[in-house]
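What follows is query06.txt (compact mmCIF, C-alpha atoms (C1' of nucleotides)).
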# COMPACT_ATOMS: atom_id res chain seq x y z
CA MET V 1 -30.71 17.86 4.74
CA ALA V 2 -31.92 16.15 1.64
CA SER V 3 -32.40 12.43 1.61
CA ASN V 4 -29.54 11.91 -0.81
CA GLU V 5 -27.07 13.14 1.81
CA ARG V 6 -26.25 9.57 2.51
CA LYS V 7 -23.05 7.93 3.61
CA GLN V 8 -21.31 10.98 4.92
CA GLU V 9 -20.60 9.29 8.20
CA ASN V 10 -17.28 9.10 9.89
CA PRO V 11 -15.23 6.22 8.65
CA GLN V 12 -15.46 7.90 5.28
CA ALA V 13 -12.62 10.09 6.43
CA ALA V 14 -10.38 7.20 5.52
CA ALA V 15 -11.26 7.51 1.87
CA ALA V 16 -9.78 10.98 1.48
CA ILE V 17 -6.26 9.96 2.24
CA ASP V 18 -3.16 10.84 0.24
CA ARG V 19 -1.88 7.46 -0.85
CA ILE V 20 1.58 8.75 -1.65
CA ILE V 21 2.16 9.72 1.96
CA HIS V 22 0.10 6.90 3.39
CA GLU V 23 2.82 4.41 2.55
CA PRO V 24 4.77 4.16 5.82
CA ALA V 25 8.14 4.19 4.12
CA ARG V 26 7.36 7.47 2.42
CA TYR V 27 5.81 8.89 5.53
CA MET V 28 9.07 8.20 7.32
CA ILE V 29 11.08 9.94 4.65
CA MET V 30 8.82 12.95 4.63
CA ALA V 31 8.73 13.10 8.41
CA TYR V 32 12.52 13.29 8.52
CA LEU V 33 12.60 15.95 5.88
CA TYR V 34 9.86 17.82 7.65
CA VAL V 35 11.93 18.31 10.78
CA VAL V 36 15.44 18.23 9.41
CA GLU V 37 14.77 20.59 6.53
CA SER V 38 17.28 18.85 4.31
CA ALA V 39 19.03 15.50 4.39
CA ASP V 40 21.12 13.36 2.13
CA PHE V 41 20.53 9.90 0.73
CA ILE V 42 22.96 8.23 3.07
CA PHE V 43 21.48 9.81 6.14
CA LEU V 44 18.03 8.54 5.23
CA LEU V 45 19.48 5.16 4.39
CA ASN V 46 20.94 4.88 7.88
CA GLN V 47 17.95 6.27 9.68
CA THR V 48 15.36 4.18 7.92
CA GLY V 49 17.23 0.95 7.42
CA PHE V 50 15.80 0.55 3.90
CA THR V 51 17.79 -0.95 1.10
CA ARG V 52 19.28 1.48 -1.36
CA GLY V 53 16.97 0.35 -4.12
CA ASN V 54 13.89 0.75 -2.03
CA LEU V 55 14.89 4.15 -0.77
CA SER V 56 15.77 5.24 -4.28
CA SER V 57 12.39 4.31 -5.69
CA HIS V 58 10.43 5.94 -2.90
CA ILE V 59 12.41 9.11 -3.44
CA ALA V 60 11.67 8.94 -7.13
CA ARG V 61 8.00 8.65 -6.35
CA LEU V 62 8.09 11.62 -4.01
CA GLU V 63 9.90 13.62 -6.62
CA GLU V 64 7.36 12.79 -9.33
CA SER V 65 4.63 13.87 -6.97
CA GLY V 66 6.38 17.16 -6.52
CA TYR V 67 6.75 16.55 -2.80
CA VAL V 68 10.53 16.58 -2.60
CA GLU V 69 13.25 18.28 -4.50
CA VAL V 70 16.30 16.21 -5.29
CA ILE V 71 19.56 18.04 -5.57
CA LYS V 72 22.48 16.11 -7.01
CA GLU V 73 25.97 17.38 -6.64
CA PHE V 74 29.49 16.03 -6.30
CA VAL V 75 31.14 16.14 -2.94
CA ALA V 76 34.73 15.06 -2.71
CA LYS V 77 34.42 13.59 -6.21
CA LYS V 78 31.52 11.43 -5.20
CA PRO V 79 27.90 11.79 -6.16
CA HIS V 80 25.84 13.19 -3.36
CA THR V 81 22.08 13.47 -3.25
CA MET V 82 20.38 16.05 -1.12
CA LEU V 83 16.67 15.94 -0.46
CA GLN V 84 14.33 18.56 0.74
CA LEU V 85 10.59 19.00 0.91
CA THR V 86 9.02 21.35 -1.56
CA ARG V 87 6.41 23.79 -0.37
CA LYS V 88 3.82 21.51 -1.91
CA GLY V 89 5.29 18.53 -0.11
CA ARG V 90 5.27 20.33 3.21
CA GLU V 91 1.66 21.31 2.76
CA ALA V 92 0.64 17.85 1.64
CA PHE V 93 2.33 16.38 4.68
CA GLU V 94 0.50 18.71 7.02
CA GLU V 95 -2.73 17.98 5.21
CA TYR V 96 -2.14 14.26 5.51
CA ARG V 97 -1.54 14.51 9.22
CA LYS V 98 -4.68 16.53 9.59
CA SER V 99 -6.69 13.88 7.73
CA LEU V 100 -5.33 11.14 9.93
CA GLN V 101 -6.16 13.08 13.03
CA GLN V 102 -9.69 13.59 11.80
CA MET V 103 -9.98 9.92 11.08
CA LEU V 104 -8.89 9.16 14.61
CA ASP V 105 -11.18 11.73 16.13
CA GLY V 106 -14.02 10.35 14.09
CA LEU V 107 -14.60 7.44 16.40
CA PRO V 108 -15.93 7.72 19.93
CA LYS V 109 -13.67 6.71 22.79
CA MET W 1 20.73 3.55 27.54
CA ALA W 2 23.47 1.85 25.62
CA SER W 3 25.03 3.49 22.60
CA ASN W 4 23.53 0.94 20.25
CA GLU W 5 20.08 2.33 20.99
CA ARG W 6 20.29 4.12 17.67
CA LYS W 7 17.61 5.12 15.25
CA GLN W 8 14.76 4.88 17.70
CA GLU W 9 13.67 8.36 16.81
CA ASN W 10 10.17 9.37 15.96
CA PRO W 11 9.38 8.77 12.33
CA GLN W 12 10.21 5.14 13.02
CA ALA W 13 6.76 4.86 14.53
CA ALA W 14 5.51 4.54 11.00
CA ALA W 15 7.33 1.27 10.54
CA ALA W 16 5.35 -0.58 13.19
CA ILE W 17 2.03 -0.28 11.48
CA ASP W 18 -0.49 -3.03 10.85
CA ARG W 19 -0.68 -3.15 7.08
CA ILE W 20 -3.94 -5.03 7.06
CA ILE W 21 -5.72 -2.16 8.78
CA HIS W 22 -3.61 0.52 7.18
CA GLU W 23 -5.39 0.05 3.88
CA PRO W 24 -8.09 2.75 3.98
CA ALA W 25 -10.77 0.48 2.56
CA ARG W 26 -10.25 -2.04 5.33
CA TYR W 27 -9.97 0.65 7.94
CA MET W 28 -13.39 1.85 6.88
CA ILE W 29 -14.87 -1.61 7.14
CA MET W 30 -13.39 -2.18 10.54
CA ALA W 31 -14.44 1.25 11.75
CA TYR W 32 -18.03 0.50 10.85
CA LEU W 33 -17.91 -2.84 12.53
CA TYR W 34 -16.24 -1.28 15.53
CA VAL W 35 -19.17 0.99 16.25
CA VAL W 36 -22.05 -0.95 14.76
CA GLU W 37 -21.07 -4.25 16.33
CA SER W 38 -22.42 -6.24 13.41
CA ALA W 39 -23.37 -5.39 9.86
CA ASP W 40 -24.22 -7.16 6.66
CA PHE W 41 -22.57 -7.12 3.27
CA ILE W 42 -25.20 -4.92 1.71
CA PHE W 43 -25.01 -2.35 4.45
CA LEU W 44 -21.26 -2.05 4.01
CA LEU W 45 -21.69 -1.94 0.27
CA ASN W 46 -23.98 1.08 0.57
CA GLN W 47 -21.97 2.84 3.21
CA THR W 48 -18.62 2.48 1.58
CA GLY W 49 -19.54 2.77 -2.08
CA PHE W 50 -17.11 0.00 -2.99
CA THR W 51 -17.88 -2.45 -5.75
CA ARG W 52 -19.08 -5.85 -4.65
CA GLY W 53 -15.89 -7.47 -5.83
CA ASN W 54 -13.68 -5.11 -3.98
CA LEU W 55 -15.69 -5.35 -0.78
CA SER W 56 -15.72 -9.11 -1.03
CA SER W 57 -11.98 -9.40 -1.30
CA HIS W 58 -11.29 -7.02 1.56
CA ILE W 59 -13.66 -9.00 3.73
CA ALA W 60 -11.87 -12.18 2.75
CA ARG W 61 -8.59 -10.62 3.80
CA LEU W 62 -9.96 -9.50 7.13
CA GLU W 63 -11.33 -12.95 7.71
CA GLU W 64 -8.01 -14.63 6.91
CA SER W 65 -6.35 -12.29 9.35
CA GLY W 66 -8.79 -13.36 12.01
CA TYR W 67 -10.06 -9.81 12.38
CA VAL W 68 -13.65 -10.39 11.37
CA GLU W 69 -16.01 -13.29 11.63
CA VAL W 70 -18.20 -13.91 8.62
CA ILE W 71 -21.54 -15.47 9.34
CA LYS W 72 -23.48 -16.73 6.36
CA GLU W 73 -27.11 -17.53 6.76
CA PHE W 74 -30.27 -17.52 4.72
CA VAL W 75 -32.77 -14.79 5.38
CA ALA W 76 -36.06 -15.01 3.55
CA LYS W 77 -34.46 -17.68 1.38
CA LYS W 78 -31.69 -15.36 0.29
CA PRO W 79 -28.06 -15.61 1.23
CA HIS W 80 -27.13 -13.10 3.81
CA THR W 81 -23.66 -12.33 5.07
CA MET W 82 -23.19 -10.89 8.51
CA LEU W 83 -19.86 -9.50 9.62
CA GLN W 84 -18.55 -8.80 13.02
CA LEU W 85 -15.21 -8.01 14.54
CA THR W 86 -13.53 -10.77 16.46
CA ARG W 87 -11.94 -9.97 19.77
CA LYS W 88 -8.60 -10.09 18.00
CA GLY W 89 -9.88 -7.70 15.36
CA ARG W 90 -11.19 -5.29 17.93
CA GLU W 91 -7.88 -5.29 19.74
CA ALA W 92 -5.91 -4.92 16.55
CA PHE W 93 -8.05 -1.98 15.57
CA GLU W 94 -7.49 -0.25 18.88
CA GLU W 95 -3.82 -0.99 18.64
CA TYR W 96 -3.67 0.43 15.15
CA ARG W 97 -5.36 3.62 16.22
CA LYS W 98 -2.94 3.92 19.08
CA SER W 99 0.02 3.55 16.73
CA LEU W 100 -1.31 6.21 14.42
CA GLN W 101 -1.84 8.57 17.29
CA GLN W 102 1.71 7.99 18.44
CA MET W 103 2.95 8.65 14.96
CA LEU W 104 1.06 11.92 14.90
CA ASP W 105 2.21 12.92 18.34
CA GLY W 106 5.76 12.11 17.35
CA LEU W 107 6.24 15.30 15.45
CA PRO W 108 6.46 18.74 17.02
CA LYS W 109 3.82 21.36 16.23
C1' DG S 1 49.24 1.14 -14.87
C1' DT S 2 46.02 -2.38 -14.51
C1' DA S 3 43.06 -5.01 -11.52
C1' DA S 4 40.33 -5.61 -7.51
C1' DA S 5 37.47 -3.26 -4.08
C1' DC S 6 34.49 0.31 -2.78
C1' DA S 7 30.85 4.06 -2.98
C1' DA S 8 26.49 5.93 -4.33
C1' DG S 9 22.78 5.34 -6.55
C1' DT S 10 19.56 3.38 -10.49
C1' DT S 11 17.32 -0.20 -13.13
C1' DT S 12 15.07 -4.49 -13.40
C1' DG S 13 12.51 -8.57 -11.88
C1' DT S 14 9.15 -10.59 -8.83
C1' DG S 15 5.54 -11.43 -5.80
C1' DA S 16 1.68 -9.28 -3.62
C1' DT S 17 -2.34 -6.21 -3.80
C1' DA S 18 -6.41 -3.20 -4.94
C1' DC S 19 -9.87 -2.81 -7.83
C1' DA S 20 -13.50 -3.68 -11.37
C1' DG S 21 -15.95 -6.43 -14.44
C1' DA S 22 -17.51 -10.97 -15.72
C1' DC S 23 -19.50 -14.83 -13.87
C1' DT S 24 -22.53 -17.98 -10.81
C1' DA S 25 -26.30 -19.68 -8.22
C1' DA S 26 -30.55 -19.27 -6.13
C1' DA S 27 -35.14 -17.19 -5.82
C1' DC S 28 -38.83 -14.38 -7.55
C1' DT S 29 -41.98 -12.57 -11.34
C1' DG S 30 -45.16 -12.68 -15.11
C1' DC O 1 -40.75 -21.84 -17.69
C1' DA O 2 -37.99 -17.77 -19.57
C1' DG O 3 -36.27 -13.75 -17.88
C1' DT O 4 -34.90 -10.75 -14.09
C1' DT O 5 -33.17 -9.64 -9.65
C1' DT O 6 -30.30 -10.47 -5.62
C1' DA O 7 -26.12 -11.61 -3.32
C1' DG O 8 -21.91 -12.67 -3.74
C1' DT O 9 -17.44 -14.90 -5.79
C1' DC O 10 -13.90 -15.46 -9.34
C1' DT O 11 -10.70 -13.68 -12.69
C1' DG O 12 -7.84 -10.34 -15.13
C1' DT O 13 -5.08 -6.27 -14.89
C1' DA O 14 -2.43 -2.48 -13.57
C1' DT O 15 0.18 -0.80 -9.77
C1' DC O 16 3.41 -1.19 -6.08
C1' DA O 17 6.95 -2.35 -2.54
C1' DC O 18 10.95 -4.45 -2.17
C1' DA O 19 15.47 -6.66 -3.08
C1' DA O 20 19.02 -8.07 -6.11
C1' DA O 21 21.71 -7.05 -9.93
C1' DC O 22 23.76 -3.57 -12.44
C1' DT O 23 26.18 1.07 -13.50
C1' DT O 24 29.33 4.72 -13.12
C1' DG O 25 33.03 6.53 -11.21
C1' DT O 26 36.81 6.58 -7.48
C1' DT O 27 40.25 4.68 -4.50
C1' DT O 28 43.52 1.16 -3.15
C1' DA O 29 46.62 -2.87 -3.99
C1' DC O 30 50.19 -4.86 -6.56
Write out the structure in this file as structure tokens.
Amino acid sequence: MASNERKQENPQAAAAIDRIIHEPARYMIMAYLYVVESADFIFLLNQTGFTRGNLSSHIARLEESGYVEVIKEFVAKKPHTMLQLTRKGREAFEEYRKSLQQMLDGLPK
Amino acid sequence: MASNERKQENPQAAAAIDRIIHEPARYMIMAYLYVVESADFIFLLNQTGFTRGNLSSHIARLEESGYVEVIKEFVAKKPHTMLQLTRKGREAFEEYRKSLQQMLDGLPK
DNA sequence: GTAAACAAGTTTGTGATACAGACTAAACTG
DNA sequence: CAGTTTAGTCTGTATCACAAACTTGTTTAC
């Protein structure tokens, strides 16, 4: 254990966190998609209580990150947006939860 | 359980989170203070690897929130800043950890 | 058939925030 | 006393979360 092995103590776990998922709004979205497997814009809107604009931009961010796939189609002549986690998104979500758990386990009591 | 008890499902746990502590940098600071009981600026600087400016502003935020007490004194003629969690800060930290744990427990598997 | 109302999102504007780099003030060094 | 070090603070900037305004198309009212 060389002397330059400094600062690898516990609270450091917090530094390794996926900031995309760390935002509670996005965590909520991903958590729904994680269990539901696929959901539409309106469903998420109702469940989360976000404004449309806010929801829209979080979805855009998740899409850019490659965490969700956005499928747009027309249903009964209206636009309809379906969301689902990508494989990458699912893995990132699991990884994030693992990190958090480690962070929590890091402290005694 | 009235029918208007809607949307109290699990991912909602993410909405109730203390944003002050949710920032990983501040979580790290509070985690150190939680175990160490009291630490100085330089110690935190070394442990966290933050820049002075960044550390300074997070400390300011924690102080405003009433989560840490900042004690400035002169040691060997040099300014010396000691930090310690307030009771409120300690409770908020425990509360935050509890919320996170609930959030994690919220999902199956 | 045109106008008002509605539906489903997207774009834009704003205020807050995280971070780093420049700055400051005091003390020590040669 | 000029320069350097120490210990922080202040300032500038890029990013972000959020809401309000806007867009595109459909349905309803007259």
* To do: Kindly provide, as a VMD selection string, the residues of chain V having any atom no farther than 8 Å from an atom of chain O, counting all atoms listed in the file.
  => chain V and resid 51 53 to 54 77 to 78
Could I get the residues of chain V with an atom no further than 10 Å from an atom of chain W, each paired with its nearest atom pair and that distance in Å to one decimal, using all atoms listed in the file, sorted by chain and residue number, as a Markdown table?
| residue | atom | partner | partner_atom | distance |
| --- | --- | --- | --- | --- |
| V:Arg6 | CA | W:Gln47 | CA | 8.0 |
| V:Lys7 | CA | W:Gln47 | CA | 5.2 |
| V:Gln8 | CA | W:Gln47 | CA | 8.3 |
| V:Glu9 | CA | W:Gln47 | CA | 8.3 |
| V:Asn10 | CA | W:Ala31 | CA | 8.6 |
| V:Pro11 | CA | W:Met28 | CA | 5.1 |
| V:Gln12 | CA | W:Met28 | CA | 6.6 |
| V:Ala13 | CA | W:Met28 | CA | 8.3 |
| V:Ala14 | CA | W:Pro24 | CA | 5.2 |
| V:Ala15 | CA | W:Pro24 | CA | 6.1 |
| V:Ala16 | CA | W:Pro24 | CA | 8.8 |
| V:Ile17 | CA | W:Pro24 | CA | 7.6 |
| V:Arg19 | CA | W:Pro24 | CA | 9.2 |
| V:His22 | CA | W:His22 | CA | 8.3 |
| V:Glu23 | CA | W:His22 | CA | 8.8 |
| V:Pro24 | CA | W:Ala14 | CA | 5.2 |
| V:Ala25 | CA | W:Ala15 | CA | 7.1 |
| V:Arg26 | CA | W:Ala14 | CA | 9.3 |
| V:Tyr27 | CA | W:Ala14 | CA | 7.0 |
| V:Met28 | CA | W:Pro11 | CA | 5.1 |
| V:Ile29 | CA | W:Pro11 | CA | 8.0 |
| V:Met30 | CA | W:Pro11 | CA | 8.8 |
| V:Ala31 | CA | W:Pro11 | CA | 5.9 |
| V:Tyr32 | CA | W:Pro11 | CA | 6.7 |
| V:Tyr34 | CA | W:Leu107 | CA | 9.0 |
| V:Val35 | CA | W:Leu107 | CA | 8.0 |
| V:Asn46 | CA | W:Lys7 | CA | 8.1 |
| V:Gln47 | CA | W:Lys7 | CA | 5.7 |
| V:Thr48 | CA | W:Gln12 | CA | 7.3 |
| V:Gly49 | CA | W:Lys7 | CA | 8.9 |
| V:Arg97 | CA | W:Leu104 | CA | 6.8 |
| V:Lys98 | CA | W:Leu104 | CA | 9.1 |
| V:Leu100 | CA | W:Leu100 | CA | 7.8 |
| V:Gln101 | CA | W:Leu104 | CA | 7.5 |
| V:Met103 | CA | W:Arg97 | CA | 9.4 |
| V:Leu104 | CA | W:Arg97 | CA | 6.8 |
| V:Asp105 | CA | W:Gln101 | CA | 9.9 |
| V:Gly106 | CA | W:Ala31 | CA | 9.4 |
| V:Leu107 | CA | W:Ala31 | CA | 7.7 |
| V:Pro108 | CA | W:Val35 | CA | 8.3 |
* For chain S against chain V, which residues fall within 9 Å using all atoms listed in the file, given as a list in words? ->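 Taken together, these residues fit the definition: DA7, DA8, DG9 and DT10 of chain S.
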What does chain W look like once superposed on chain V, all Cα atoms paired in sequence order, least squares? Give it as a short mmCIF file (atom, residue, chain, number, x, y, z; two decimals) with C-alpha atoms, keeping the file's coordinate frame.
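Just written: part_13.cif:
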data_model
loop_
_atom_site.label_atom_id
_atom_site.label_comp_id
_atom_site.auth_asym_id
_atom_site.auth_seq_id
_atom_site.Cartn_x
_atom_site.Cartn_y
_atom_site.Cartn_z
CA MET W 1 -29.29 19.09 4.63
CA ALA W 2 -30.92 17.30 1.77
CA SER W 3 -31.82 13.64 2.03
CA ASN W 4 -29.20 12.67 -0.52
CA GLU W 5 -26.48 13.64 1.95
CA ARG W 6 -26.06 9.95 2.65
CA LYS W 7 -23.04 7.99 3.69
CA GLN W 8 -21.06 10.94 4.94
CA GLU W 9 -20.49 9.20 8.22
CA ASN W 10 -17.18 8.85 9.92
CA PRO W 11 -15.24 5.90 8.63
CA GLN W 12 -15.48 7.56 5.23
CA ALA W 13 -12.65 9.79 6.37
CA ALA W 14 -10.37 6.94 5.49
CA ALA W 15 -11.27 7.21 1.84
CA ALA W 16 -9.83 10.69 1.41
CA ILE W 17 -6.29 9.75 2.18
CA ASP W 18 -3.19 10.64 0.20
CA ARG W 19 -1.87 7.27 -0.86
CA ILE W 20 1.57 8.59 -1.66
CA ILE W 21 2.13 9.60 1.95
CA HIS W 22 0.09 6.78 3.38
CA GLU W 23 2.83 4.30 2.58
CA PRO W 24 4.76 4.08 5.87
CA ALA W 25 8.15 4.13 4.17
CA ARG W 26 7.35 7.39 2.44
CA TYR W 27 5.77 8.83 5.53
CA MET W 28 9.03 8.20 7.33
CA ILE W 29 11.04 9.92 4.64
CA MET W 30 8.76 12.90 4.60
CA ALA W 31 8.68 13.10 8.38
CA TYR W 32 12.45 13.31 8.47
CA LEU W 33 12.52 15.94 5.82
CA TYR W 34 9.75 17.80 7.57
CA VAL W 35 11.81 18.35 10.69
CA VAL W 36 15.33 18.26 9.34
CA GLU W 37 14.63 20.59 6.44
CA SER W 38 17.16 18.87 4.21
CA ALA W 39 18.93 15.54 4.32
CA ASP W 40 21.03 13.38 2.08
CA PHE W 41 20.49 9.90 0.74
CA ILE W 42 22.96 8.31 3.10
CA PHE W 43 21.45 9.93 6.14
CA LEU W 44 18.02 8.60 5.23
CA LEU W 45 19.51 5.23 4.45
CA ASN W 46 20.94 5.00 7.97
CA GLN W 47 17.92 6.39 9.72
CA THR W 48 15.35 4.28 7.99
CA GLY W 49 17.24 1.03 7.55
CA PHE W 50 15.81 0.59 4.06
CA THR W 51 17.85 -0.95 1.29
CA ARG W 52 19.34 1.45 -1.20
CA GLY W 53 17.04 0.21 -3.92
CA ASN W 54 13.95 0.64 -1.89
CA LEU W 55 14.92 4.09 -0.68
CA SER W 56 15.79 5.12 -4.20
CA SER W 57 12.44 4.15 -5.61
CA HIS W 58 10.46 5.83 -2.85
CA ILE W 59 12.43 9.00 -3.42
CA ALA W 60 11.70 8.77 -7.12
CA ARG W 61 8.01 8.49 -6.34
CA LEU W 62 8.07 11.47 -4.03
CA GLU W 63 9.88 13.46 -6.66
CA GLU W 64 7.36 12.56 -9.37
CA SER W 65 4.61 13.65 -7.04
CA GLY W 66 6.32 16.98 -6.62
CA TYR W 67 6.67 16.41 -2.89
CA VAL W 68 10.43 16.46 -2.66
CA GLU W 69 13.15 18.19 -4.58
CA VAL W 70 16.21 16.12 -5.33
CA ILE W 71 19.43 18.03 -5.62
CA LYS W 72 22.39 16.14 -7.02
CA GLU W 73 25.82 17.57 -6.61
CA PHE W 74 29.37 16.39 -6.24
CA VAL W 75 30.95 16.63 -2.83
CA ALA W 76 34.60 15.75 -2.58
CA LYS W 77 34.30 14.30 -6.07
CA LYS W 78 31.57 11.92 -5.02
CA PRO W 79 27.95 12.07 -6.04
CA HIS W 80 25.81 13.39 -3.31
CA THR W 81 22.04 13.53 -3.26
CA MET W 82 20.28 16.10 -1.15
CA LEU W 83 16.56 15.92 -0.53
CA GLN W 84 14.19 18.52 0.65
CA LEU W 85 10.46 18.92 0.82
CA THR W 86 8.89 21.23 -1.69
CA ARG W 87 6.25 23.65 -0.52
CA LYS W 88 3.69 21.33 -2.06
CA GLY W 89 5.18 18.40 -0.20
CA ARG W 90 5.15 20.24 3.08
CA GLU W 91 1.52 21.17 2.61
CA ALA W 92 0.56 17.69 1.54
CA PHE W 93 2.25 16.28 4.59
CA GLU W 94 0.39 18.61 6.91
CA GLU W 95 -2.82 17.83 5.11
CA TYR W 96 -2.21 14.13 5.44
CA ARG W 97 -1.60 14.41 9.15
CA LYS W 98 -4.77 16.40 9.50
CA SER W 99 -6.76 13.72 7.68
CA LEU W 100 -5.37 11.01 9.89
CA GLN W 101 -6.21 12.97 12.98
CA GLN W 102 -9.75 13.44 11.74
CA MET W 103 -10.00 9.76 11.06
CA LEU W 104 -8.89 9.02 14.60
CA ASP W 105 -11.19 11.59 16.11
CA GLY W 106 -14.04 10.18 14.08
CA LEU W 107 -14.57 7.26 16.37
CA PRO W 108 -15.95 7.50 19.89
CA LYS W 109 -13.79 6.48 22.85
#
* Asked: Expressed in Å to a single decimal, how great is the separation between atom CA of Val68 of chain V and atom CA of Gln102 of chain W?
  ->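 The value is 24.4 Å.
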* Do you have the atom CA of Ala60 of chain V-atom C1' of DA5 of chain S distance handy? ->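 Interatomic distance here is 28.7 Å.
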* To do: Find the distance between atom CA of Ser38 of chain V and atom CA of Ala76 of chain V and write it in Å to one decimal.
  =>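 One can read the atom CA of Ser38 of chain V to atom CA of Ala76 of chain V distance as 19.2 Å.
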* Asked: With all atoms listed in the file as the atoms that count, which of V:Phe74, V:Leu44, V:Ile20, V:Ile59 lies nearest to Tyr96 of chain V?
  ->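 For Tyr96 of chain V, the nearest of the given residues is V:Ile20.
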* Out of W:Glu73, W:Tyr67, W:Ser99, W:Asp18, which residue has the shortest atom-to-atom distance to Leu85 of chain W when counting all atoms listed in the file? ->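 Closest to Leu85 of chain W, using all atoms listed in the file: W:Tyr67.
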